[in-house]
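**Student:** This is upload-v2.cif (mmCIF, C-alpha atoms).
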```cif
data_final
loop_
_atom_site.group_PDB
_atom_site.id
_atom_site.type_symbol
_atom_site.label_atom_id
_atom_site.label_comp_id
_atom_site.auth_asym_id
_atom_site.auth_seq_id
_atom_site.Cartn_x
_atom_site.Cartn_y
_atom_site.Cartn_z
ATOM 1 C CA MET I 6 0.000 0.000 0.000
ATOM 2 C CA SER I 7 1.418 3.419 -0.927
ATOM 3 C CA LYS I 8 1.857 6.228 1.530
ATOM 4 C CA SER I 9 -0.553 9.157 1.255
ATOM 5 C CA CYS I 10 0.764 12.315 -0.365
ATOM 6 C CA TYR I 11 -1.636 14.463 1.640
ATOM 7 C CA ARG I 12 -1.627 16.071 5.065
ATOM 8 C CA TYR I 13 -5.095 16.020 6.634
ATOM 9 C CA LEU I 14 -6.490 18.512 9.130
ATOM 10 C CA LEU I 15 -9.804 18.802 10.942
ATOM 11 C CA THR I 16 -11.407 21.937 12.325
ATOM 12 C CA ARG I 17 -14.676 21.858 14.264
ATOM 13 C CA LEU I 18 -16.924 24.830 15.056
ATOM 14 C CA GLU I 19 -19.891 24.767 17.413
ATOM 15 C CA ASN I 20 -22.182 27.735 16.829
ATOM 16 C CA ASN I 21 -19.313 29.513 15.024
ATOM 17 C CA GLU I 22 -16.933 29.017 17.978
ATOM 18 C CA PRO I 23 -13.874 26.829 17.315
ATOM 19 C CA THR I 24 -13.724 23.728 19.488
ATOM 20 C CA ILE I 25 -10.987 22.006 17.459
ATOM 21 C CA ALA I 26 -8.573 24.063 15.381
ATOM 22 C CA SER I 27 -6.455 22.382 12.694
ATOM 23 C CA LEU I 28 -5.990 19.014 14.389
ATOM 24 C CA GLU I 29 -3.837 16.737 12.218
ATOM 25 C CA GLN I 30 -5.634 13.553 11.130
ATOM 26 C CA THR I 31 -4.802 10.291 9.391
ATOM 27 C CA ILE I 32 -6.631 9.116 6.286
ATOM 28 C CA GLU I 33 -8.390 6.551 8.493
ATOM 29 C CA ASP I 34 -9.593 9.349 10.806
ATOM 30 C CA ILE I 35 -10.958 11.253 7.799
ATOM 31 C CA LYS I 36 -12.752 8.146 6.514
ATOM 32 C CA ALA I 37 -14.319 7.647 9.953
ATOM 33 C CA VAL I 38 -15.575 11.251 10.038
ATOM 34 C CA LEU I 39 -17.095 10.865 6.569
ATOM 35 C CA ALA I 40 -18.750 7.561 7.488
ATOM 36 C CA ALA I 41 -20.115 8.933 10.777
ATOM 37 C CA SER I 42 -21.685 11.800 8.820
ATOM 38 C CA ASP I 43 -23.275 9.451 6.245
ATOM 39 C CA VAL I 44 -21.026 10.769 3.468
ATOM 40 C CA PRO I 45 -19.998 8.086 0.949
ATOM 41 C CA ILE I 46 -16.252 7.653 1.559
ATOM 42 C CA PRO I 47 -15.080 7.476 -2.091
ATOM 43 C CA ALA I 48 -17.086 10.565 -3.103
ATOM 44 C CA GLY I 49 -16.109 12.484 0.039
ATOM 45 C CA LEU I 50 -12.405 11.740 -0.406
ATOM 46 C CA ALA I 51 -12.547 12.610 -4.104
ATOM 47 C CA LYS I 52 -14.084 16.004 -3.356
ATOM 48 C CA LEU I 53 -11.686 16.626 -0.461
ATOM 49 C CA HIS I 54 -8.649 15.882 -2.627
ATOM 50 C CA GLN I 55 -9.982 17.875 -5.576
ATOM 51 C CA VAL I 56 -11.124 20.995 -3.727
ATOM 52 C CA GLY I 57 -8.904 20.844 -0.635
ATOM 53 C CA THR I 58 -11.731 21.313 1.874
ATOM 54 C CA PHE I 59 -14.958 19.513 2.712
ATOM 55 C CA LYS I 60 -17.518 20.944 5.132
ATOM 56 C CA ILE I 61 -20.057 18.855 7.023
ATOM 57 C CA VAL I 62 -22.803 20.720 8.894
ATOM 58 C CA ASN I 63 -24.923 18.976 11.529
ATOM 59 C CA ASP I 64 -27.890 20.647 13.190
ATOM 60 C CA VAL I 65 -28.130 19.818 16.892
ATOM 61 C CA PRO I 66 -30.573 21.040 19.563
ATOM 62 C CA SER I 67 -28.044 23.629 20.789
ATOM 63 C CA GLY I 68 -27.332 25.018 17.291
ATOM 64 C CA LYS I 69 -25.052 23.645 14.607
ATOM 65 C CA ILE I 70 -21.730 21.858 14.451
ATOM 66 C CA GLU I 71 -19.514 22.423 11.416
ATOM 67 C CA THR I 72 -16.730 19.965 10.716
ATOM 68 C CA ILE I 73 -14.235 21.212 8.156
ATOM 69 C CA LEU I 74 -11.873 18.645 6.661
ATOM 70 C CA MET I 75 -8.771 19.854 4.842
ATOM 71 C CA ALA I 76 -6.287 18.037 2.612
ATOM 72 C CA ARG I 77 -2.990 19.616 1.626
ATOM 73 C CA ALA I 78 -0.889 17.953 -1.062
ATOM 74 C CA GLU I 79 2.733 17.392 -0.098
ATOM 75 C CA ILE I 80 5.604 17.667 -2.577
ATOM 76 C CA GLY I 81 8.750 15.528 -2.409
ATOM 77 C CA ASP I 82 10.219 13.828 0.631
ATOM 78 C CA ALA I 83 10.653 16.995 2.685
ATOM 79 C CA GLY I 84 6.953 17.169 3.524
ATOM 80 C CA VAL I 85 6.582 20.687 2.132
ATOM 81 C CA SER I 86 3.021 21.398 1.087
ATOM 82 C CA SER I 87 2.352 22.759 -2.385
ATOM 83 C CA ARG I 88 0.886 25.885 -0.841
ATOM 84 C CA ASP I 89 4.020 26.534 1.256
ATOM 85 C CA LYS I 90 6.324 25.865 -1.666
ATOM 86 C CA HIS I 91 4.860 28.803 -3.625
ATOM 87 C CA ALA I 92 4.665 31.212 -0.686
ATOM 88 C CA PRO I 93 6.760 34.406 -1.040
#
```
Spit out the file's structure as structure tokens when you get a sec.
**Tutor:**
Amino acid sequence: MSKSCYRYLLTRLENNEPTIASLEQTIEDIKAVLAASDVPIPAGLAKLHQVGTFKIVNDVPSGKIETILMARAEIGDAGVSSRDKHAP
């Protein structure tokens, strides 16, 4: 099995207040979040990798919970993300 070329992060907001900010995740963690939110894993991963972010919004009695998944492509062995590589 090949190693992922992506770095995954999760941010969670409850009623627009951050409860988790940019927590690094594994691909298995991301799959579990998608599955728990009834998002088909292949389609969710495809969109996440294509767009770079995937937002899941759940309405709860106290308001809403937004889970924002992020995928950042990494270039080479140094682990430098493509976004960082082009930064001034």
**Student:** Of the candidates I:Leu15, I:Ala51, I:Ala41, I:Ala76, which one gets nearest to Asn63 of chain I if we count all atoms listed in the file?
**Tutor:**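 Smallest separation from Asn63 of chain I among the options: I:Ala41.
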**Student:** Give me, please, the distance in Å between atom CA of Ile35 of chain I and atom CA of Pro23 of chain I, quoted to one decimal.
**Tutor:**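 So the answer is 18.5 Å.
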**Student:** Point out the residue among I:Val38, I:Val56, I:Leu50, I:Ile32 with the least atom-to-atom distance to Arg17 of chain I, counting all atoms listed in the file.
**Tutor:** I:Val38
**Student:** Fewer than 4 positions away in the same chain doesn't count, so skip those; otherwise give me all residues within 12 Å of Glu22 of chain I, counting all atoms listed in the file, as a PyMOL selection string.
**Tutor:** chain I and resi 16-18+26+68-72
**Student:** Please, what distance in Å, to one decimal, runs between atom CA of Pro66 of chain I and atom CA of Glu33 of chain I?
**Tutor:**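 Atom-to-atom, atom CA of Pro66 of chain I to atom CA of Glu33 of chain I, that is 28.7 Å.
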**Student:** Which distance in Å separates atom CA of Val44 of chain I and atom CA of Ile80 of chain I, to one decimal?
**Tutor:**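 Value for the atom CA of Val44 of chain I-atom CA of Ile80 of chain I distance: 28.2 Å.
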